[in-house]
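Enquirer: Quick one: the structure is below, questions incoming.
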Amino acid sequence: MAINKSPNGTYKVSYSKRHPVTRVPVSRQRKGINSRAEAKRIYADLVVLVNDILKKQVIPIWSVFLDEYIIHIDQLNELTKGTVYKRDKVLKKFTLKDWGHKCIDEITAQDIRDIIYLKMSEASEQHKKFVIKSIKAVMEYAVEKGFLDRNPTPKIKFKIKDKIKAVLNEKQILTLLRRAQELSFEWYPQYAVAVFTGMRSGELYALTWEQVDLENRQIRVDRAWALKDGVKSTKSGHDRITMIPEPLMPVLRELQLNNSGDPRLVLPRLKRWDQGGQSKILRSFLES
(Lines give C-alpha, C1' and ligand atoms only; values in the text may rest on other atoms or scores of the structure.)
Protein backbone atom coordinates (compact mmCIF):
# COMPACT_ATOMS: atom_id res chain seq x y z
CA MET A 1 0.00 0.00 0.00
CA ALA A 2 1.69 3.22 -1.15
CA ILE A 3 0.65 5.64 1.58
CA ASN A 4 3.42 7.97 2.75
CA LYS A 5 3.39 10.67 5.38
CA SER A 6 5.03 13.96 4.39
CA PRO A 7 7.19 16.12 6.71
CA ASN A 8 4.34 18.64 6.97
CA GLY A 9 2.05 15.98 8.46
CA THR A 10 -0.12 15.33 5.36
CA TYR A 11 -0.27 12.07 3.42
CA LYS A 12 0.62 11.18 -0.14
CA VAL A 13 -1.14 8.20 -1.81
CA SER A 14 -0.12 6.52 -5.08
CA TYR A 15 -1.02 3.37 -7.00
CA SER A 16 0.57 1.91 -10.13
CA LYS A 17 -0.09 -1.16 -12.26
CA ARG A 18 1.27 -2.42 -15.58
CA HIS A 19 -0.84 -3.05 -18.67
CA PRO A 20 -1.16 -6.84 -19.07
CA VAL A 21 -0.21 -6.70 -22.78
CA THR A 22 1.95 -3.63 -23.37
CA ARG A 23 3.54 -3.73 -19.87
CA VAL A 24 3.35 0.07 -19.75
CA PRO A 25 2.51 1.20 -16.20
CA VAL A 26 -0.52 3.33 -15.38
CA SER A 27 -0.23 5.30 -12.15
CA ARG A 28 -2.26 7.85 -10.22
CA GLN A 29 -1.51 9.77 -7.02
CA ARG A 30 -3.04 12.23 -4.56
CA LYS A 31 -1.28 14.64 -2.17
CA GLY A 32 -2.19 16.80 0.78
CA ILE A 33 -4.44 14.27 2.54
CA ASN A 34 -5.08 15.20 6.17
CA SER A 35 -5.55 11.78 7.85
CA ARG A 36 -4.43 8.20 7.41
CA ALA A 37 -8.04 6.99 7.39
CA GLU A 38 -8.84 9.36 4.51
CA ALA A 39 -5.64 8.24 2.75
CA LYS A 40 -6.82 4.60 2.89
CA ARG A 41 -10.16 5.53 1.34
CA ILE A 42 -8.45 7.49 -1.43
CA TYR A 43 -6.04 4.62 -2.05
CA ALA A 44 -8.97 2.26 -2.59
CA ASP A 45 -10.45 4.76 -5.07
CA LEU A 46 -7.13 4.94 -6.96
CA VAL A 47 -7.01 1.14 -7.25
CA VAL A 48 -10.46 1.16 -8.85
CA LEU A 49 -9.53 4.08 -11.11
CA VAL A 50 -6.27 2.56 -12.40
CA ASN A 51 -7.87 -0.85 -13.00
CA ASP A 52 -10.72 0.83 -14.86
CA ILE A 53 -8.23 2.68 -17.08
CA LEU A 54 -6.35 -0.55 -17.82
CA LYS A 55 -9.56 -2.41 -18.54
CA LYS A 56 -10.66 0.19 -21.07
CA GLN A 57 -7.30 -0.14 -22.79
CA VAL A 58 -7.91 -3.90 -23.14
CA ILE A 59 -11.73 -4.09 -23.42
CA PRO A 60 -13.12 -1.42 -25.77
CA ILE A 61 -16.08 0.74 -24.88
CA TRP A 62 -19.32 0.19 -26.80
CA SER A 63 -19.11 3.32 -29.00
CA VAL A 64 -15.59 2.47 -30.21
CA PHE A 65 -16.34 -1.21 -30.73
CA LEU A 66 -19.58 -0.43 -32.58
CA ASP A 67 -17.65 1.67 -35.11
CA GLU A 68 -15.15 -1.19 -35.54
CA TYR A 69 -18.01 -3.67 -36.06
CA ILE A 70 -19.69 -1.53 -38.75
CA ILE A 71 -16.38 -1.21 -40.64
CA HIS A 72 -15.91 -4.98 -40.31
CA ILE A 73 -19.28 -5.97 -41.78
CA ASP A 74 -18.98 -3.33 -44.50
CA GLN A 75 -15.64 -4.79 -45.61
CA LEU A 76 -16.97 -8.37 -45.51
CA ASN A 77 -19.52 -7.55 -48.24
CA GLU A 78 -21.81 -10.29 -46.93
CA LEU A 79 -24.61 -7.79 -46.26
CA THR A 80 -26.00 -5.17 -48.60
CA LYS A 81 -24.87 -1.58 -48.10
CA GLY A 82 -28.46 -0.75 -47.19
CA THR A 83 -28.49 -3.32 -44.36
CA VAL A 84 -25.11 -2.10 -43.04
CA TYR A 85 -26.39 1.49 -43.10
CA LYS A 86 -29.60 0.53 -41.30
CA ARG A 87 -27.74 -1.43 -38.60
CA ASP A 88 -25.36 1.46 -38.01
CA LYS A 89 -28.24 3.93 -37.80
CA VAL A 90 -30.52 2.02 -35.42
CA LEU A 91 -27.73 0.79 -33.13
CA LYS A 92 -26.39 4.29 -32.63
CA LYS A 93 -29.89 5.70 -32.17
CA PHE A 94 -30.97 3.28 -29.45
CA THR A 95 -27.74 2.35 -27.64
CA LEU A 96 -25.14 5.14 -27.71
CA LYS A 97 -26.73 7.33 -25.04
CA ASP A 98 -26.90 4.55 -22.44
CA TRP A 99 -24.00 2.33 -23.48
CA GLY A 100 -21.60 4.68 -25.27
CA HIS A 101 -18.97 4.78 -22.48
CA LYS A 102 -19.57 1.27 -21.13
CA CYS A 103 -17.02 -1.44 -21.73
CA ILE A 104 -18.37 -4.24 -23.90
CA ASP A 105 -18.25 -6.76 -21.05
CA GLU A 106 -20.29 -4.46 -18.78
CA ILE A 107 -23.40 -4.65 -20.96
CA THR A 108 -25.85 -7.16 -19.49
CA ALA A 109 -28.89 -9.03 -20.73
CA GLN A 110 -31.03 -6.65 -18.65
CA ASP A 111 -29.43 -3.65 -20.36
CA ILE A 112 -30.49 -5.14 -23.70
CA ARG A 113 -34.02 -5.82 -22.44
CA ASP A 114 -34.26 -2.19 -21.30
CA ILE A 115 -33.47 -1.05 -24.84
CA ILE A 116 -36.18 -3.26 -26.32
CA TYR A 117 -38.91 -2.84 -23.70
CA LEU A 118 -38.29 0.71 -22.47
CA LYS A 119 -36.54 2.76 -25.14
CA MET A 120 -38.40 1.03 -27.99
CA SER A 121 -41.77 0.65 -26.29
CA GLU A 122 -43.57 2.48 -29.12
CA ALA A 123 -41.68 0.74 -31.94
CA SER A 124 -43.15 -2.06 -34.04
CA GLU A 125 -42.37 -5.68 -33.22
CA GLN A 126 -40.57 -5.98 -36.55
CA HIS A 127 -38.32 -3.01 -35.73
CA LYS A 128 -37.56 -4.39 -32.26
CA LYS A 129 -36.65 -7.72 -33.82
CA PHE A 130 -34.22 -6.02 -36.21
CA VAL A 131 -32.55 -4.06 -33.38
CA ILE A 132 -32.03 -7.07 -31.12
CA LYS A 133 -30.74 -9.09 -34.08
CA SER A 134 -28.25 -6.27 -34.74
CA ILE A 135 -27.17 -6.13 -31.07
CA LYS A 136 -26.72 -9.89 -31.04
CA ALA A 137 -24.49 -9.68 -34.12
CA VAL A 138 -22.25 -7.05 -32.47
CA MET A 139 -21.94 -9.15 -29.31
CA GLU A 140 -21.13 -12.24 -31.37
CA TYR A 141 -18.31 -10.30 -33.01
CA ALA A 142 -17.06 -9.35 -29.52
CA VAL A 143 -17.01 -13.05 -28.62
CA GLU A 144 -15.01 -13.81 -31.76
CA LYS A 145 -12.54 -11.06 -30.86
CA GLY A 146 -12.06 -12.53 -27.36
CA PHE A 147 -13.61 -9.61 -25.47
CA LEU A 148 -16.55 -11.71 -24.23
CA ASP A 149 -16.83 -15.32 -23.06
CA ARG A 150 -20.45 -15.53 -24.19
CA ASN A 151 -23.09 -13.49 -25.97
CA PRO A 152 -25.29 -11.70 -23.37
CA THR A 153 -28.18 -11.08 -25.79
CA PRO A 154 -31.35 -12.61 -24.28
CA LYS A 155 -33.85 -14.61 -26.28
CA ILE A 156 -36.92 -12.46 -26.86
CA LYS A 157 -39.98 -13.57 -28.78
CA PHE A 158 -41.84 -11.06 -30.91
CA LYS A 159 -45.45 -11.30 -32.01
CA ILE A 160 -45.22 -10.25 -35.62
CA LYS A 161 -48.59 -10.31 -37.33
CA ASP A 162 -49.03 -10.45 -41.06
CA LYS A 163 -50.68 -7.17 -41.98
CA ILE A 164 -53.41 -7.12 -44.57
CA LYS A 165 -52.21 -4.43 -46.93
CA ALA A 166 -54.71 -2.36 -48.83
CA VAL A 167 -54.24 -2.55 -52.60
CA LEU A 168 -55.88 -0.77 -55.49
CA ASN A 169 -58.74 -2.57 -57.18
CA GLU A 170 -59.03 -2.83 -60.96
CA LYS A 171 -61.17 0.32 -61.29
CA GLN A 172 -58.72 2.36 -59.20
CA ILE A 173 -55.74 1.09 -61.21
CA LEU A 174 -57.43 2.09 -64.48
CA THR A 175 -58.21 5.51 -63.02
CA LEU A 176 -54.59 5.93 -61.91
CA LEU A 177 -53.18 5.09 -65.34
CA ARG A 178 -55.80 7.06 -67.28
CA ARG A 179 -55.36 10.24 -65.23
CA ALA A 180 -51.55 9.96 -65.28
CA GLN A 181 -51.67 9.64 -69.06
CA GLU A 182 -54.20 12.48 -69.53
CA LEU A 183 -52.13 14.83 -67.37
CA SER A 184 -48.86 13.76 -69.04
CA PHE A 185 -47.64 12.97 -65.54
CA GLU A 186 -43.90 12.28 -65.69
CA TRP A 187 -44.32 9.09 -63.66
CA TYR A 188 -46.85 7.55 -66.09
CA PRO A 189 -44.31 5.18 -67.78
CA GLN A 190 -43.14 3.87 -64.40
CA TYR A 191 -46.70 3.28 -63.22
CA ALA A 192 -47.71 1.55 -66.46
CA VAL A 193 -44.74 -0.84 -66.48
CA ALA A 194 -45.16 -1.56 -62.75
CA VAL A 195 -48.88 -2.31 -63.03
CA PHE A 196 -48.60 -4.56 -66.09
CA THR A 197 -45.48 -6.49 -65.03
CA GLY A 198 -45.56 -6.52 -61.23
CA MET A 199 -41.91 -5.41 -61.12
CA ARG A 200 -40.58 -3.71 -57.98
CA SER A 201 -39.37 -0.11 -58.04
CA GLY A 202 -35.70 -1.15 -57.81
CA GLU A 203 -36.17 -3.61 -60.68
CA LEU A 204 -37.79 -0.92 -62.82
CA TYR A 205 -34.97 1.51 -62.03
CA ALA A 206 -32.34 -1.02 -63.17
CA LEU A 207 -34.29 -2.14 -66.27
CA THR A 208 -32.31 -1.92 -69.52
CA TRP A 209 -33.32 -2.61 -73.12
CA GLU A 210 -31.07 -5.67 -73.24
CA GLN A 211 -33.50 -7.29 -70.79
CA VAL A 212 -36.51 -6.51 -72.97
CA ASP A 213 -37.56 -8.74 -75.86
CA LEU A 214 -40.39 -6.89 -77.61
CA GLU A 215 -40.67 -9.47 -80.37
CA ASN A 216 -41.45 -12.27 -77.95
CA ARG A 217 -43.07 -9.90 -75.43
CA GLN A 218 -40.81 -10.88 -72.54
CA ILE A 219 -38.75 -9.09 -69.88
CA ARG A 220 -35.86 -10.83 -68.11
CA VAL A 221 -35.83 -9.54 -64.52
CA ASP A 222 -32.33 -10.29 -63.22
CA ARG A 223 -31.23 -7.16 -61.39
CA ALA A 224 -32.44 -4.38 -59.11
CA TRP A 225 -31.21 -1.05 -57.79
CA ALA A 226 -31.06 0.23 -54.21
CA LEU A 227 -30.13 3.67 -52.92
CA LYS A 228 -27.18 2.41 -50.83
CA ASP A 229 -26.10 -0.58 -52.93
CA GLY A 230 -26.58 0.51 -56.52
CA VAL A 231 -27.33 -2.27 -59.01
CA LYS A 232 -27.52 -5.72 -57.40
CA SER A 233 -29.44 -8.98 -57.70
CA THR A 234 -33.21 -9.07 -57.27
CA LYS A 235 -34.67 -9.10 -53.74
CA SER A 236 -35.30 -12.85 -53.90
CA GLY A 237 -31.91 -13.51 -55.46
CA HIS A 238 -33.56 -15.33 -58.38
CA ASP A 239 -33.99 -14.27 -62.00
CA ARG A 240 -37.40 -14.53 -63.65
CA ILE A 241 -39.14 -13.93 -66.96
CA THR A 242 -42.26 -11.78 -67.00
CA MET A 243 -44.60 -11.49 -69.98
CA ILE A 244 -45.43 -8.12 -71.53
CA PRO A 245 -49.22 -7.69 -71.81
CA GLU A 246 -50.50 -6.24 -75.08
CA PRO A 247 -51.65 -2.90 -73.53
CA LEU A 248 -48.08 -2.23 -72.38
CA MET A 249 -46.50 -2.69 -75.81
CA PRO A 250 -47.31 0.86 -77.10
CA VAL A 251 -45.84 2.36 -73.93
CA LEU A 252 -42.56 0.48 -74.36
CA ARG A 253 -42.34 1.26 -78.07
CA GLU A 254 -42.83 4.96 -77.36
CA LEU A 255 -40.17 4.85 -74.66
CA GLN A 256 -37.78 3.23 -77.10
CA LEU A 257 -38.44 5.82 -79.80
CA ASN A 258 -38.39 8.91 -77.58
CA ASN A 259 -35.48 8.04 -75.30
CA SER A 260 -33.73 11.33 -74.48
CA GLY A 261 -31.56 10.08 -71.63
CA ASP A 262 -29.30 7.06 -71.28
CA PRO A 263 -30.10 4.91 -74.35
CA ARG A 264 -29.52 1.72 -72.34
CA LEU A 265 -32.26 2.48 -69.83
CA VAL A 266 -35.93 1.71 -70.44
CA LEU A 267 -37.43 4.23 -68.02
CA PRO A 268 -36.46 7.91 -67.71
CA ARG A 269 -34.61 9.00 -64.60
CA LEU A 270 -36.52 11.27 -62.23
CA LYS A 271 -34.93 13.24 -59.39
CA ARG A 272 -37.28 11.94 -56.69
CA TRP A 273 -36.75 8.39 -57.95
CA ASP A 274 -32.98 8.83 -57.65
CA GLN A 275 -33.56 9.89 -54.03
CA GLY A 276 -35.90 7.01 -53.19
CA GLY A 277 -38.98 9.24 -52.91
CA GLN A 278 -41.24 7.36 -55.33
CA SER A 279 -43.73 6.15 -52.70
CA LYS A 280 -44.45 9.69 -51.48
CA ILE A 281 -45.06 10.85 -55.05
CA LEU A 282 -47.44 7.96 -55.70
CA ARG A 283 -49.32 8.50 -52.44
CA SER A 284 -49.74 12.20 -53.20
CA PHE A 285 -50.94 11.50 -56.74
CA LEU A 286 -53.43 8.87 -55.53
CA GLU A 287 -54.83 11.28 -52.96
CA SER A 288 -55.24 14.01 -55.57
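So you can find residues: chains in the C-alpha coordinates are A, B, ... in the order shown, residues in each start at 1, and ligands are numbered from 1 in order.
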Near Thr175 (chain A), within 12 Å and counting only C-alpha atoms, which residues show up once chain neighbours fewer than 6 positions away are dropped, as a PyMOL selection string?

Expert: chain A and resi 168-169+181-183+188+191-192+285-286+288

Enquirer: Which polymer residues have any atom within 12 Å of an atom of Lys128 (chain A), counting only C-alpha atoms, with same-chain residues fewer than 3 positions away left out, as JSON, numbers by chain?

Expert: {"A": [90, 91, 94, 112, 113, 114, 115, 116, 117, 118, 119, 120, 121, 122, 123, 124, 125, 131, 132, 133, 134, 135, 156, 157, 158, 159, 160]}

Enquirer: Using the chain letters and numbers from this document, which residues of region 68-283 of chain A does DSSP assign to strand (DSSP E), as an NGL selection string?

Expert: :A and (212-213 or 218-221 or 224-226 or 230-232 or 240-243)

Enquirer: Could you give me, as a list in words, the residues within 7 Å of His101 (chain A), counting only C-alpha atoms and dropping anything in the same chain fewer than 6 positions from it?

Expert: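 Everything that qualifies: Ile61, Trp62 and Ser63 of chain A.
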
Enquirer: Using only C-alpha atoms, find each residue of region 188-242 of chain A with at least one atom at most 9 Å away from an atom of region 72-88 of chain A; report its shortest atom-to-atom pair and that distance in Å (one decimal), sort the rows by chain and rising residue number, and return the result as JSON lines.

Expert:
{"residue": "A:Ala226", "atom": "CA", "partner": "A:Gly82", "partner_atom": "CA", "distance": 7.6}
{"residue": "A:Leu227", "atom": "CA", "partner": "A:Gly82", "partner_atom": "CA", "distance": 7.4}
{"residue": "A:Lys228", "atom": "CA", "partner": "A:Gly82", "partner_atom": "CA", "distance": 5.0}
{"residue": "A:Asp229", "atom": "CA", "partner": "A:Lys81", "partner_atom": "CA", "distance": 5.1}
{"residue": "A:Gly230", "atom": "CA", "partner": "A:Lys81", "partner_atom": "CA", "distance": 8.8}
{"residue": "A:Lys232", "atom": "CA", "partner": "A:Thr80", "partner_atom": "CA", "distance": 8.9}

Enquirer: For Pro245 (chain A), list every protein, DNA or RNA residue within 10 Å, evaluated using only C-alpha atoms, and leave out those in the same chain fewer than 5 positions away; present the list as a list in words.

Expert: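 Surrounding residues, per the criterion: Val193, Phe196, Thr197, Arg217 and Gln218 of chain A.
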
Enquirer: With distances taken over only C-alpha atoms, which of A:Tyr141, A:Arg150, A:Tyr69, A:Lys280 is nearest to Thr108 (chain A)?

Expert: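 Of all the options, A:Arg150 lies closest to Thr108 (chain A).
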
Enquirer: Write down as a PyMOL selection string the residues belonging to region 106-240 of chain A that are assigned alpha helix (DSSP H) by DSSP computed on the backbone.

Expert: chain A and resi 109-114+125-144+170-182+188-197+201-205

Enquirer: If I take CA of Thr234 (chain A) and CA of Leu267 (chain A), how far is one from the other in Å, to one decimal?

Expert: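 Separation of CA of Thr234 (chain A) and CA of Leu267 (chain A): 17.6 Å.
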
Enquirer: Excluding Leu46 (chain A) and its own-chain neighbours fewer than 4 positions away, which residues fall within 12 Å of it when counting only C-alpha atoms? Please give them as a PyMOL selection string.

Expert: chain A and resi 1-3+13-17+26-30+39-42+50-53

Enquirer: Any chance you could tabulate, as CSV, the residues of region 177-240 of chain A at most 12 Å from region 254-260 of chain A with each one's nearest atom pair and distance in Å to one decimal, using only C-alpha atoms, in chain and rising number order?

Expert:
residue,atom,partner,partner_atom,distance
A:Tyr188,CA,A:Leu255,CA,11.2
A:Pro189,CA,A:Leu255,CA,8.0
A:Gln190,CA,A:Leu255,CA,10.7
A:Ala192,CA,A:Leu255,CA,11.6
A:Val193,CA,A:Leu255,CA,11.0
A:Thr208,CA,A:Gln256,CA,10.7
A:Trp209,CA,A:Gln256,CA,8.4
A:Glu210,CA,A:Gln256,CA,11.8
A:Val212,CA,A:Gln256,CA,10.7
A:Leu214,CA,A:Gln256,CA,10.5

Enquirer: Choose the residue, out of A:Gln278, A:Thr153, A:Ser184, A:Thr95, that has the smallest atom-to-atom separation from Leu204 (chain A); count only C-alpha atoms.

Expert: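 Answer, going by the shortest atom-to-atom distance: A:Gln278.
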
Enquirer: Leaving out Glu38 (chain A) and any residue of its chain fewer than 5 positions from it, which residues lie within 12 Å of it when counting only C-alpha atoms, given as an MDAnalysis selection string?

Expert: chainID A and resid 3 10:13 30:33 43:45
